[in-house]
Amino acid sequence: MRTSQPQTIYLSDYKVPAYLVDTVDLRFELFEDGARVHSTLELRRNPESDETAAPLELDGDSLTLESVALNGAELAAGDYEDRGDQLVVRSVPEQFTLTVVTWIEPQNNTRLEGLYKSSGMFCTQCEAEGFRCITFFPDRPDVMARFRTRIEANKDAYPVLLSNGNDVEKGELENGRHFVTWEDPFPKPCYLFALVAGDLVEKRDTFSTCSGRDIDLRMYVEPRNAEKCDHAMDSLKRSMRWDEEVYGREYDLDIFMIVAVDDFNMGAMENKGLNIFNSSCVLASQETATDLAFQRIEAIVAHEYFHNWSGNRVTCRDWFQLSLKEGFTVFRDSQFSADMGSPTVKRIEDVTLLRTAQFAEDGGPMSHPVRPASYMEISNFYTLTIYEKGAEVVRMIHTLLGPDMFRKGSDLYFERHDGQAVTTDDFVKAMEDASGRDLSQFRLWYEQAGTPVLAISDDFDAETGVYRLTIEQSIPDTPGQTNKKPQHIPFALGLLGQDGQPLPLQLESGDSGAPTERVLELTEAVHTFEFHGVESRPVPSLLRHFSAPVRVRYNWTREQLLFLMSHDPDGFNRWDAGQRLAVDVIQSLVNAPDDAEIDPRLVEAYRKLISDADLDQALVAKMLQLPSEAYLIELTDKADVPAIHRAREAVLRHLAGALKGELLGCYQRHQGSGPYEVTPEAIARRSLRNTALAWLLMIDDEEGRSLAVSQLNAADNMTDRMGALRALVNSGFESDRQEALDDFYNRFQDDPQVVEQWFSVQAASDQAGQLSDIHKLLEHPAFDWKNPNKIRSVVGAFAGQNLAAFHNPDGSGYQFLADQVCRLDDSNPQIAARLVTPLTRWRKFAPSYSDRMKSALERIRDKAGLSRDVYEVVHKSLAD
Ligand code: 0A1
Ligand code: ZN
């Protein structure tokens, strides 16, 4: 329990470590009532440190210290100090060996940081500061050491013993125990350490690298999951090949292992040679995983694999540099996913996440730069800003440099910094040095928080044939940052003539060979661009491919949006025009709910989309998704969520009613035949059918109902089964809903990943997820307060997706969330802090809501012994 106020840590206080660790020799004795950890460190003073007389300070957390020895001689109690969170040895020589023995209790570790037990197996999570829960150590990423790890455990219960690197020795011990020793030849920070011990089945494959080395690929899962590994294994091989081809990166060890664990705070972890995954992010079969899950698994497997270079071989100097590895790796995995499927669809998905969730974060109380200047608890900084905005920043460098120079830059970065712990600045420097471009102003993207706003106006002079575009950038104030400087923004655009044809973009008159798309570079607060030789007023296609993470303000008319929806050669902007049009229609209804006329042009646009079989169906599937409530809230000041919910539903119902015939036609047309496949075409087909079904059930259509029931009974895959279940759950057909839910549960009750989907389809539904229903789900025998996935699938889905119910005007949703946060704060502070997020946005809502949200936050604030994680989030949210 915390007794003092949490401290803020500043980037400006960074100092090189006073001591370096060359090697770490670990011996784990694993038992049912705890584990003993013997750690032998070869230490020496850091020649680069000016603290020549500094005591040795090692980090620790929740450890029972059994003994300390220096150069083999046990230290007496007065020779060291055990402060609980630090072990201090005052006088040490230049170079020495320190042996520390600690006792820990993995079986009681509910925080899931350090060594813990999940479904009977031992596993670890050390990023960011979990290694200190295992043994005393300089727990910071710029201390890189070579690890040797011996694991000892009962052989029957834990036949599989894994750690990083290569297994170099194994053998039998007394009392039915055995051991395996692992050696990792690559120096690494301790956050990349991993250990797994359990009764697991092994799935093997091999990969032959570009230089002809054969790599052993191994997946370890619980026996009941043995048939759910193929997709992850295939994804891994595709990732390995892609990283060779696109980045010239070859895998370095002889073995690459993946382990699936059920209890995990995040998605997965890139431990050197031994990636550990949340089961829900790696296990898949046609019967149990949706298309979305298949795609997510491919992306996460790739992400963790890509970290082997962007994160492990080149790592972060300190945690302020987190985006060095995360932003770059997300950029890499998004390029990979784009190459594996449809680049336009992937871009739409990434931008949807960015614009709804990252923009909201950037405009809220936790807003921080891609490279933060301070934090209290680093676990709170695994954010959309670090990951997604960080990836956008790397993408902009890619856009500014072009693919060839970018590759030169990444080659230089890996070559120059291999084996080092570096900063985001080192990354940018490598890009500059390789390309010769000056990125000094660009660096502001790492330093300034907040989403830049581009206010755009235009005018057309028919006499001179000049079209003028004025772009003014501003960056809103964020906590602790005001008066920001203009940033360097790549702005891609095109102009369309009245016939829908792209126009040459002549920045000087008479430039006959001008391209039809350009990337303009904004560096000043205001720019005016003139385009010559334009015959009639063009329609601008702005910020194509979402070339920068900014908000564009421009007064589109609905005509222009309809025009772009059908003519823009940039698929992304076609989709975006459709989104803007739908937002406009829904917002008018929010503002004037009694004026029920819904623009017939929206209906016609959707009719065309649904019926036109010549269009790219994957894009159509995306275009048919109305903007989410979360996005509509993000676009609104002082939002009234139930009103937004009603307006959006009214538009959906209106569209469904008007387009019933087309929806039924679309449903029939996309009936699949042949075996299940996870190709972009098949995914689009299933998505279109399930959207059609969902729309039909929104108007409680009888034909839709019977289609849903038969689809549910006939489905040979989870996408179709879940599509039908979701449509029924969200419909007014109450008895079908209950029957469908019961059948589904009976069929899949032994599969935790499917039960999680079953929880969340209810918790996210305005029909099945009212607060009283949520309480029942929490009482359900399959619910488990110790399992983060279950908590996310009920509490997280309710507060994050069932927005009208969560924002019940009586404030009951907020009080409910506060209760759950307080309850989790002791057992799992990381999860508790993440769950608070919806409440932190209280300023965004109309006063009667925001007052109640604030008082829920105050209740959390007043809980005794609040964790540092929750403390930081709540205090920052309530600060003026
Ligand atoms: N580095 C991992 C994410 C991760 C971060 C923290 C964790 O525990 C607090 C676990 C995983 C990734 O980017 O995949
Ligand atoms: Zn990552």
# chains A, B, ... in the order shown; residues from 1 in each chain; ligands from 1
call {"tool": "residues_near_ligand", "arguments": {"ligand": "ligand 2", "cutoff": "12 Å", "atoms": "only C-alpha atoms and all ligand atoms", "output": "MDAnalysis selection string"}}
result
chainID A and resid 127:128 192 266:271 275 277 299:312 315 322:333 382:384 386:388 390:391
call {"tool": "write_last_selection", "arguments": {"atoms": "N, CA and C atoms", "output": "tab-separated table (two decimals), in the first residue's frame"}}
result
chain	number	residue	atom	x	y	z
A	127	GLU	N	8.29	-5.71	-18.80
A	127	GLU	CA	8.16	-4.33	-19.22
A	127	GLU	C	6.99	-3.70	-18.45
A	128	ALA	N	7.09	-2.46	-18.01
A	128	ALA	CA	8.29	-1.66	-18.07
A	128	ALA	C	9.18	-1.92	-16.84
A	192	LEU	N	13.31	-7.09	-21.08
A	192	LEU	CA	13.11	-8.10	-22.11
A	192	LEU	C	13.34	-9.52	-21.60
A	266	MET	N	-1.67	-6.80	-21.07
A	266	MET	CA	-1.70	-6.14	-22.38
A	266	MET	C	-1.94	-7.18	-23.47
A	267	GLY	N	-1.54	-6.84	-24.70
A	267	GLY	CA	-1.75	-7.75	-25.83
A	267	GLY	C	-0.68	-8.82	-25.93
A	268	ALA	N	0.58	-8.39	-25.89
A	268	ALA	CA	1.68	-9.33	-26.03
A	268	ALA	C	2.98	-8.63	-25.69
A	269	MET	N	4.06	-9.41	-25.61
A	269	MET	CA	5.34	-8.84	-25.17
A	269	MET	C	6.49	-9.46	-25.95
A	270	GLU	N	7.39	-8.57	-26.38
A	270	GLU	CA	8.45	-8.94	-27.32
A	270	GLU	C	9.73	-9.48	-26.67
A	271	ASN	N	9.67	-10.11	-25.50
A	271	ASN	CA	10.86	-10.65	-24.84
A	271	ASN	C	11.78	-11.34	-25.86
A	275	ASN	N	8.56	-14.55	-27.09
A	275	ASN	CA	7.42	-13.64	-27.01
A	275	ASN	C	6.30	-14.27	-26.19
A	277	PHE	N	2.27	-13.97	-25.23
A	277	PHE	CA	1.05	-13.38	-25.77
A	277	PHE	C	-0.13	-13.61	-24.85
A	299	ALA	N	-1.40	-9.03	-37.04
A	299	ALA	CA	-0.73	-7.75	-36.80
A	299	ALA	C	0.10	-7.78	-35.51
A	300	ILE	N	-0.43	-8.44	-34.48
A	300	ILE	CA	0.31	-8.44	-33.21
A	300	ILE	C	1.52	-9.37	-33.27
A	301	VAL	N	1.34	-10.53	-33.91
A	301	VAL	CA	2.49	-11.42	-34.09
A	301	VAL	C	3.60	-10.66	-34.83
A	302	ALA	N	3.20	-9.95	-35.88
A	302	ALA	CA	4.18	-9.18	-36.65
A	302	ALA	C	4.81	-8.10	-35.76
A	303	HIS	N	3.98	-7.39	-35.03
A	303	HIS	CA	4.48	-6.31	-34.18
A	303	HIS	C	5.56	-6.83	-33.22
A	304	GLU	N	5.24	-7.91	-32.52
A	304	GLU	CA	6.21	-8.43	-31.54
A	304	GLU	C	7.47	-8.93	-32.24
A	305	TYR	N	7.28	-9.58	-33.39
A	305	TYR	CA	8.46	-10.06	-34.10
A	305	TYR	C	9.32	-8.88	-34.56
A	306	PHE	N	8.69	-7.84	-35.10
A	306	PHE	CA	9.46	-6.70	-35.60
A	306	PHE	C	10.25	-6.01	-34.49
A	307	HIS	N	9.75	-6.10	-33.27
A	307	HIS	CA	10.49	-5.53	-32.14
A	307	HIS	C	11.89	-6.13	-32.00
A	308	ASN	N	12.08	-7.32	-32.56
A	308	ASN	CA	13.40	-7.91	-32.38
A	308	ASN	C	14.50	-6.96	-32.85
A	309	TRP	N	14.20	-6.20	-33.92
A	309	TRP	CA	15.14	-5.15	-34.32
A	309	TRP	C	14.74	-3.80	-33.73
A	310	SER	N	13.50	-3.39	-33.95
A	310	SER	CA	13.10	-2.06	-33.46
A	310	SER	C	12.59	-2.19	-32.03
A	311	GLY	N	13.54	-2.27	-31.10
A	311	GLY	CA	13.18	-2.40	-29.69
A	311	GLY	C	14.20	-3.23	-28.94
A	312	ASN	N	14.61	-4.38	-29.54
A	312	ASN	CA	15.51	-5.26	-28.81
A	312	ASN	C	16.97	-5.04	-29.21
A	315	THR	N	17.44	-0.50	-28.53
A	315	THR	CA	16.42	-0.30	-27.52
A	315	THR	C	16.36	1.16	-27.04
A	322	LEU	N	9.92	5.79	-25.14
A	322	LEU	CA	9.13	4.59	-25.47
A	322	LEU	C	8.67	4.55	-26.93
A	323	SER	N	8.31	5.71	-27.47
A	323	SER	CA	7.81	5.72	-28.84
A	323	SER	C	8.90	5.39	-29.86
A	324	LEU	N	10.16	5.50	-29.43
A	324	LEU	CA	11.25	5.09	-30.33
A	324	LEU	C	10.99	3.67	-30.81
A	325	LYS	N	10.65	2.79	-29.88
A	325	LYS	CA	10.39	1.41	-30.31
A	325	LYS	C	8.92	1.20	-30.68
A	326	GLU	N	7.99	1.83	-29.96
A	326	GLU	CA	6.58	1.53	-30.22
A	326	GLU	C	6.04	2.24	-31.46
A	327	GLY	N	6.35	3.52	-31.62
A	327	GLY	CA	5.86	4.23	-32.80
A	327	GLY	C	6.42	3.60	-34.07
A	328	PHE	N	7.72	3.33	-34.06
A	328	PHE	CA	8.37	2.76	-35.23
A	328	PHE	C	7.81	1.35	-35.50
A	329	THR	N	7.62	0.57	-34.44
A	329	THR	CA	7.15	-0.80	-34.66
A	329	THR	C	5.69	-0.83	-35.10
A	330	VAL	N	4.86	0.07	-34.58
A	330	VAL	CA	3.48	0.13	-35.08
A	330	VAL	C	3.48	0.55	-36.55
A	331	PHE	N	4.34	1.50	-36.89
A	331	PHE	CA	4.43	1.88	-38.32
A	331	PHE	C	4.80	0.66	-39.16
A	332	ARG	N	5.78	-0.10	-38.68
A	332	ARG	CA	6.22	-1.28	-39.43
A	332	ARG	C	5.10	-2.31	-39.53
A	333	ASP	N	4.39	-2.55	-38.42
A	333	ASP	CA	3.35	-3.58	-38.53
A	333	ASP	C	2.18	-3.09	-39.39
A	382	TYR	N	1.69	3.74	-21.87
A	382	TYR	CA	1.53	2.85	-23.02
A	382	TYR	C	0.23	3.27	-23.69
A	383	THR	N	0.31	4.42	-24.33
A	383	THR	CA	-0.90	5.11	-24.78
A	383	THR	C	-1.02	5.11	-26.29
A	384	LEU	N	-2.19	5.56	-26.72
A	384	LEU	CA	-2.42	5.74	-28.16
A	384	LEU	C	-1.51	6.81	-28.72
A	386	ILE	N	1.67	7.42	-27.70
A	386	ILE	CA	2.99	6.81	-27.89
A	386	ILE	C	2.96	5.84	-29.08
A	387	TYR	N	1.92	5.03	-29.16
A	387	TYR	CA	1.85	3.99	-30.18
A	387	TYR	C	1.36	4.55	-31.53
A	388	GLU	N	0.13	5.07	-31.53
A	388	GLU	CA	-0.49	5.39	-32.82
A	388	GLU	C	-0.01	6.74	-33.36
A	390	GLY	N	2.72	8.10	-32.46
A	390	GLY	CA	4.13	7.83	-32.72
A	390	GLY	C	4.34	7.19	-34.08
A	391	ALA	N	3.44	6.28	-34.46
A	391	ALA	CA	3.53	5.64	-35.78
A	391	ALA	C	3.25	6.65	-36.89
call {"tool": "residues_around", "arguments": {"residues": "Val180 of chain A", "least_positions_apart": "2", "cutoff": "8 Å", "atoms": "only C-alpha atoms", "output": "ChimeraX atom specification"}}
result
/A:150-152,161-162,167-171,178,182
call {"tool": "write_last_selection", "arguments": {"atoms": "N, CA, C and O atoms", "output": "mmCIF file, in the first residue's frame"}}
result
data_model
loop_
_atom_site.group_PDB
_atom_site.id
_atom_site.type_symbol
_atom_site.label_atom_id
_atom_site.label_comp_id
_atom_site.auth_asym_id
_atom_site.auth_seq_id
_atom_site.Cartn_x
_atom_site.Cartn_y
_atom_site.Cartn_z
ATOM 1 N N ARG A 150 18.880 -20.363 -15.188
ATOM 2 C CA ARG A 150 18.612 -21.775 -14.877
ATOM 3 C C ARG A 150 17.281 -21.847 -14.137
ATOM 4 O O ARG A 150 17.068 -21.127 -13.161
ATOM 5 N N ILE A 151 16.392 -22.701 -14.648
ATOM 6 C CA ILE A 151 15.062 -22.842 -14.040
ATOM 7 C C ILE A 151 14.946 -24.254 -13.474
ATOM 8 O O ILE A 151 15.228 -25.229 -14.182
ATOM 9 N N GLU A 152 14.506 -24.339 -12.234
ATOM 10 C CA GLU A 152 14.322 -25.644 -11.582
ATOM 11 C C GLU A 152 12.870 -25.754 -11.106
ATOM 12 O O GLU A 152 12.368 -24.836 -10.455
ATOM 13 N N LEU A 161 10.279 -25.748 -19.521
ATOM 14 C CA LEU A 161 10.947 -24.644 -18.817
ATOM 15 C C LEU A 161 11.642 -23.771 -19.859
ATOM 16 O O LEU A 161 12.548 -24.230 -20.550
ATOM 17 N N LEU A 162 11.227 -22.523 -19.980
ATOM 18 C CA LEU A 162 11.725 -21.668 -21.066
ATOM 19 C C LEU A 162 12.277 -20.341 -20.557
ATOM 20 O O LEU A 162 11.778 -19.783 -19.581
ATOM 21 N N ASP A 167 18.748 -23.065 -25.305
ATOM 22 C CA ASP A 167 18.890 -23.947 -24.149
ATOM 23 C C ASP A 167 20.245 -24.635 -24.250
ATOM 24 O O ASP A 167 20.575 -25.247 -25.262
ATOM 25 N N VAL A 168 21.025 -24.527 -23.185
ATOM 26 C CA VAL A 168 22.404 -25.005 -23.252
ATOM 27 C C VAL A 168 22.640 -26.207 -22.353
ATOM 28 O O VAL A 168 23.639 -26.905 -22.483
ATOM 29 N N GLU A 169 21.725 -26.454 -21.419
ATOM 30 C CA GLU A 169 21.928 -27.587 -20.518
ATOM 31 C C GLU A 169 20.592 -27.987 -19.913
ATOM 32 O O GLU A 169 19.747 -27.116 -19.657
ATOM 33 N N LYS A 170 20.402 -29.293 -19.697
ATOM 34 C CA LYS A 170 19.194 -29.706 -18.969
ATOM 35 C C LYS A 170 19.492 -30.970 -18.207
ATOM 36 O O LYS A 170 20.447 -31.677 -18.517
ATOM 37 N N GLY A 171 18.701 -31.261 -17.189
ATOM 38 C CA GLY A 171 18.973 -32.477 -16.427
ATOM 39 C C GLY A 171 17.959 -32.711 -15.322
ATOM 40 O O GLY A 171 17.067 -31.899 -15.087
ATOM 41 N N HIS A 178 13.445 -31.094 -12.131
ATOM 42 C CA HIS A 178 14.407 -31.054 -13.242
ATOM 43 C C HIS A 178 14.817 -29.607 -13.485
ATOM 44 O O HIS A 178 14.291 -28.684 -12.850
ATOM 45 N N TRP A 182 19.251 -21.669 -19.856
ATOM 46 C CA TRP A 182 19.154 -20.908 -21.107
ATOM 47 C C TRP A 182 20.218 -19.814 -21.115
ATOM 48 O O TRP A 182 20.516 -19.220 -20.084
#
call {"tool": "closest_residue", "arguments": {"among": "A:Leu353, A:Ala799, A:Leu115, A:Leu43", "to": "Leu70 of chain A", "atoms": "only C-alpha atoms"}}
result
A:Leu43
call {"tool": "atom_distance", "arguments": {"atom1": "atom CA of Phe783 of chain A", "atom2": "atom CA of Ala805 of chain A"}}
result
20.6 Å
call {"tool": "closest_residue", "arguments": {"among": "A:Trp445, A:Trp758, A:Phe264, A:Phe122", "to": "ligand 1", "atoms": "only C-alpha atoms and all ligand atoms"}}
result
A:Phe264
call {"tool": "residues_around", "arguments": {"residues": "Asp214 of chain A", "least_positions_apart": "3", "cutoff": "12 Å", "atoms": "only C-alpha atoms", "output": "ChimeraX atom specification"}}
result
/A:205-211,217,250-256
call {"tool": "write_last_selection", "arguments": {"atoms": "C-alpha atoms", "output": "CSV table (one decimal), in the first residue's frame"}}
result
chain,number,residue,atom,x,y,z
A,205,ASP,CA,7.9,-25.2,-37.6
A,206,THR,CA,11.0,-23.9,-39.3
A,207,PHE,CA,12.0,-20.7,-41.2
A,208,SER,CA,14.9,-20.5,-43.5
A,209,THR,CA,16.4,-17.0,-43.4
A,210,CYS,CA,17.7,-15.0,-46.3
A,211,SER,CA,21.3,-16.0,-45.5
A,217,LEU,CA,9.9,-21.8,-34.6
A,250,GLU,CA,17.2,-11.1,-40.5
A,251,TYR,CA,16.4,-13.0,-37.4
A,252,ASP,CA,19.4,-13.5,-35.1
A,253,LEU,CA,18.9,-16.4,-32.6
A,254,ASP,CA,18.5,-20.1,-33.6
A,255,ILE,CA,15.1,-20.4,-31.8
A,256,PHE,CA,12.0,-18.2,-31.8
call {"tool": "residues_around", "arguments": {"residues": "Glu349 of chain A", "least_positions_apart": "5", "cutoff": "12 Å", "atoms": "only C-alpha atoms", "output": "list in words"}}
result
Leu292, Gln295, Arg296, Ser334, Ser337, Ala338, Ser342, Pro343, Thr344, Leu354, Arg355, Thr356, Glu388, His545, Phe546, Phe572, Trp575, Asp576, Ala618, Leu619, Ala621, Lys622, Met623 and Gln625 of chain A
call {"tool": "residues_around", "arguments": {"residues": "Glu756 of chain A", "least_positions_apart": "4", "cutoff": "9 Å", "atoms": "only C-alpha atoms", "output": "list of chain:residue names"}}
result
A:Ser280, A:Asp751, A:Pro752, A:Ser760, A:Val761, A:Phe783, A:Asn789, A:Lys790, A:Arg792, A:Ser793, A:Val794
call {"tool": "write_last_selection", "arguments": {"atoms": "N, CA, C and O atoms", "output": "PDB file, in the first residue's frame"}}
result
ATOM      1  N   SER A 280      -5.828 -14.272 -26.182  1.00  0.00           N
ATOM      2  CA  SER A 280      -6.796 -13.726 -27.137  1.00  0.00           C
ATOM      3  C   SER A 280      -6.105 -13.063 -28.324  1.00  0.00           C
ATOM      4  O   SER A 280      -6.748 -12.755 -29.312  1.00  0.00           O
ATOM      5  N   ASP A 751     -14.468 -22.494 -23.717  1.00  0.00           N
ATOM      6  CA  ASP A 751     -13.436 -21.749 -24.440  1.00  0.00           C
ATOM      7  C   ASP A 751     -13.385 -20.308 -23.933  1.00  0.00           C
ATOM      8  O   ASP A 751     -14.250 -19.488 -24.269  1.00  0.00           O
ATOM      9  N   PRO A 752     -12.375 -19.972 -23.118  1.00  0.00           N
ATOM     10  CA  PRO A 752     -12.355 -18.633 -22.499  1.00  0.00           C
ATOM     11  C   PRO A 752     -12.394 -17.494 -23.517  1.00  0.00           C
ATOM     12  O   PRO A 752     -13.045 -16.485 -23.288  1.00  0.00           O
ATOM     13  N   SER A 760     -18.713  -9.601 -24.084  1.00  0.00           N
ATOM     14  CA  SER A 760     -18.654  -8.226 -24.588  1.00  0.00           C
ATOM     15  C   SER A 760     -19.787  -7.908 -25.564  1.00  0.00           C
ATOM     16  O   SER A 760     -20.210  -6.754 -25.634  1.00  0.00           O
ATOM     17  N   VAL A 761     -20.311  -8.903 -26.263  1.00  0.00           N
ATOM     18  CA  VAL A 761     -21.418  -8.584 -27.170  1.00  0.00           C
ATOM     19  C   VAL A 761     -22.627  -8.122 -26.350  1.00  0.00           C
ATOM     20  O   VAL A 761     -23.420  -7.285 -26.803  1.00  0.00           O
ATOM     21  N   PHE A 783     -17.232 -15.349 -15.054  1.00  0.00           N
ATOM     22  CA  PHE A 783     -16.533 -14.088 -14.825  1.00  0.00           C
ATOM     23  C   PHE A 783     -15.455 -14.290 -13.777  1.00  0.00           C
ATOM     24  O   PHE A 783     -15.624 -15.065 -12.846  1.00  0.00           O
ATOM     25  N   ASN A 789      -8.805 -10.042 -19.264  1.00  0.00           N
ATOM     26  CA  ASN A 789      -9.679 -10.122 -20.442  1.00  0.00           C
ATOM     27  C   ASN A 789     -11.153 -10.119 -20.050  1.00  0.00           C
ATOM     28  O   ASN A 789     -11.987  -9.522 -20.735  1.00  0.00           O
ATOM     29  N   LYS A 790     -11.471 -10.800 -18.942  1.00  0.00           N
ATOM     30  CA  LYS A 790     -12.872 -10.828 -18.513  1.00  0.00           C
ATOM     31  C   LYS A 790     -13.294  -9.429 -18.048  1.00  0.00           C
ATOM     32  O   LYS A 790     -14.393  -8.977 -18.355  1.00  0.00           O
ATOM     33  N   ARG A 792     -12.062  -6.581 -19.014  1.00  0.00           N
ATOM     34  CA  ARG A 792     -12.220  -5.734 -20.206  1.00  0.00           C
ATOM     35  C   ARG A 792     -13.505  -6.068 -20.952  1.00  0.00           C
ATOM     36  O   ARG A 792     -14.179  -5.180 -21.455  1.00  0.00           O
ATOM     37  N   SER A 793     -13.849  -7.371 -21.007  1.00  0.00           N
ATOM     38  CA  SER A 793     -14.993  -7.750 -21.849  1.00  0.00           C
ATOM     39  C   SER A 793     -16.325  -7.381 -21.203  1.00  0.00           C
ATOM     40  O   SER A 793     -17.325  -7.284 -21.904  1.00  0.00           O
ATOM     41  N   VAL A 794     -16.341  -7.156 -19.913  1.00  0.00           N
ATOM     42  CA  VAL A 794     -17.592  -6.709 -19.289  1.00  0.00           C
ATOM     43  C   VAL A 794     -17.497  -5.224 -18.912  1.00  0.00           C
ATOM     44  O   VAL A 794     -18.194  -4.383 -19.497  1.00  0.00           O
TER      45      VAL A 794
END
call {"tool": "closest_residue", "arguments": {"among": "A:Gln560, A:Thr124, A:Ser474, A:Ser536", "to": "ligand 1", "atoms": "only C-alpha atoms and all ligand atoms"}}
result
A:Thr124
call {"tool": "residues_around", "arguments": {"residues": "Ile699 of chain A", "least_positions_apart": "3", "cutoff": "12 Å", "atoms": "only C-alpha atoms", "output": "MDAnalysis selection string"}}
result
chainID A and resid 649:660 692:696 702:705 727:728 730:733
call {"tool": "write_last_selection", "arguments": {"atoms": "N, CA and C atoms", "output": "compact mmCIF listing (two decimals), in the first residue's frame"}}
result
# COMPACT_ATOMS: atom_id res chain seq x y z
N GLU A 649 -28.97 6.31 -34.21
CA GLU A 649 -29.88 5.18 -34.42
C GLU A 649 -31.00 5.56 -35.39
N ALA A 650 -31.48 6.79 -35.26
CA ALA A 650 -32.57 7.22 -36.15
C ALA A 650 -32.10 7.22 -37.60
N VAL A 651 -30.88 7.67 -37.83
CA VAL A 651 -30.35 7.67 -39.20
C VAL A 651 -30.20 6.23 -39.70
N LEU A 652 -29.65 5.39 -38.84
CA LEU A 652 -29.48 3.97 -39.21
C LEU A 652 -30.83 3.35 -39.57
N ARG A 653 -31.83 3.58 -38.73
CA ARG A 653 -33.14 2.98 -38.96
C ARG A 653 -33.75 3.53 -40.25
N HIS A 654 -33.56 4.83 -40.45
CA HIS A 654 -34.09 5.43 -41.66
C HIS A 654 -33.45 4.78 -42.90
N LEU A 655 -32.14 4.65 -42.86
CA LEU A 655 -31.43 4.03 -43.99
C LEU A 655 -31.90 2.59 -44.18
N ALA A 656 -31.99 1.86 -43.08
CA ALA A 656 -32.37 0.45 -43.18
C ALA A 656 -33.78 0.32 -43.75
N GLY A 657 -34.68 1.20 -43.30
CA GLY A 657 -36.06 1.13 -43.80
C GLY A 657 -36.12 1.45 -45.28
N ALA A 658 -35.39 2.49 -45.69
CA ALA A 658 -35.45 2.91 -47.08
C ALA A 658 -34.74 1.94 -48.01
N LEU A 659 -33.77 1.21 -47.48
CA LEU A 659 -32.93 0.38 -48.35
C LEU A 659 -33.14 -1.11 -48.11
N LYS A 660 -34.28 -1.45 -47.55
CA LYS A 660 -34.50 -2.84 -47.18
C LYS A 660 -34.27 -3.81 -48.35
N ALA A 692 -25.51 -5.84 -43.46
CA ALA A 692 -26.89 -5.85 -43.97
C ALA A 692 -27.83 -6.45 -42.93
N LEU A 693 -27.38 -7.53 -42.34
CA LEU A 693 -28.19 -8.21 -41.32
C LEU A 693 -28.43 -7.29 -40.11
N ALA A 694 -27.36 -6.66 -39.67
CA ALA A 694 -27.48 -5.79 -38.49
C ALA A 694 -28.46 -4.66 -38.77
N TRP A 695 -28.39 -4.09 -39.97
CA TRP A 695 -29.30 -2.99 -40.32
C TRP A 695 -30.75 -3.47 -40.35
N LEU A 696 -30.95 -4.64 -40.93
CA LEU A 696 -32.33 -5.16 -41.01
C LEU A 696 -32.89 -5.41 -39.62
N GLU A 702 -38.80 -8.83 -39.93
CA GLU A 702 -39.07 -10.26 -39.76
C GLU A 702 -38.16 -11.12 -40.64
N GLU A 703 -38.00 -10.68 -41.89
CA GLU A 703 -37.13 -11.44 -42.79
C GLU A 703 -35.71 -11.47 -42.26
N GLY A 704 -35.29 -10.31 -41.77
CA GLY A 704 -33.96 -10.22 -41.18
C GLY A 704 -33.82 -11.16 -40.00
N ARG A 705 -34.85 -11.20 -39.18
CA ARG A 705 -34.81 -12.06 -38.00
C ARG A 705 -34.60 -13.52 -38.41
N ALA A 727 -26.41 -9.13 -34.18
CA ALA A 727 -27.60 -8.52 -34.76
C ALA A 727 -28.83 -8.84 -33.91
N LEU A 728 -28.94 -10.07 -33.46
CA LEU A 728 -30.09 -10.45 -32.63
C LEU A 728 -30.04 -9.77 -31.26
N ASN A 730 -28.75 -6.98 -30.50
CA ASN A 730 -29.05 -5.55 -30.59
C ASN A 730 -30.45 -5.26 -31.12
N SER A 731 -31.21 -6.31 -31.41
CA SER A 731 -32.55 -6.11 -31.96
C SER A 731 -33.58 -6.05 -30.84
N GLY A 732 -34.82 -5.82 -31.23
CA GLY A 732 -35.89 -5.84 -30.23
C GLY A 732 -36.50 -7.22 -30.05
N PHE A 733 -35.96 -8.23 -30.72
CA PHE A 733 -36.53 -9.59 -30.60
C PHE A 733 -36.01 -10.25 -29.34
call {"tool": "residues_around", "arguments": {"residues": "segment 522-533 of chain A", "least_positions_apart": "4", "cutoff": "7 Å", "atoms": "only C-alpha atoms", "output": "list in words"}}
result
Gly465, Val466, Tyr467, Arg468, Leu469, Thr470, Ile471, Glu472, Gln473, Ser474, Pro486, Gln487, His488, Ile489, Pro490, Leu505, Gln506, Leu507, Glu508 and Ser509 of chain A
call {"tool": "select_by_dssp", "arguments": {"residues": "segment 44-120 of chain A", "states": "helix (DSSP H, G or I)", "output": "count of residues only"}}
result
6
call {"tool": "closest_residue", "arguments": {"among": "A:Thr482, A:Ser588, A:Asn278, A:Gln753", "to": "ligand 1", "atoms": "only C-alpha atoms and all ligand atoms"}}
result
A:Asn278
call {"tool": "closest_residue", "arguments": {"among": "A:Val351, A:Leu401, A:Leu857, A:Val160", "to": "Glu521 of chain A", "atoms": "only C-alpha atoms"}}
result
A:Leu401
call {"tool": "closest_residue", "arguments": {"among": "A:Val261, A:Ile276, A:Met853, A:Val394", "to": "ligand 1", "atoms": "only C-alpha atoms and all ligand atoms"}}
result
A:Ile276
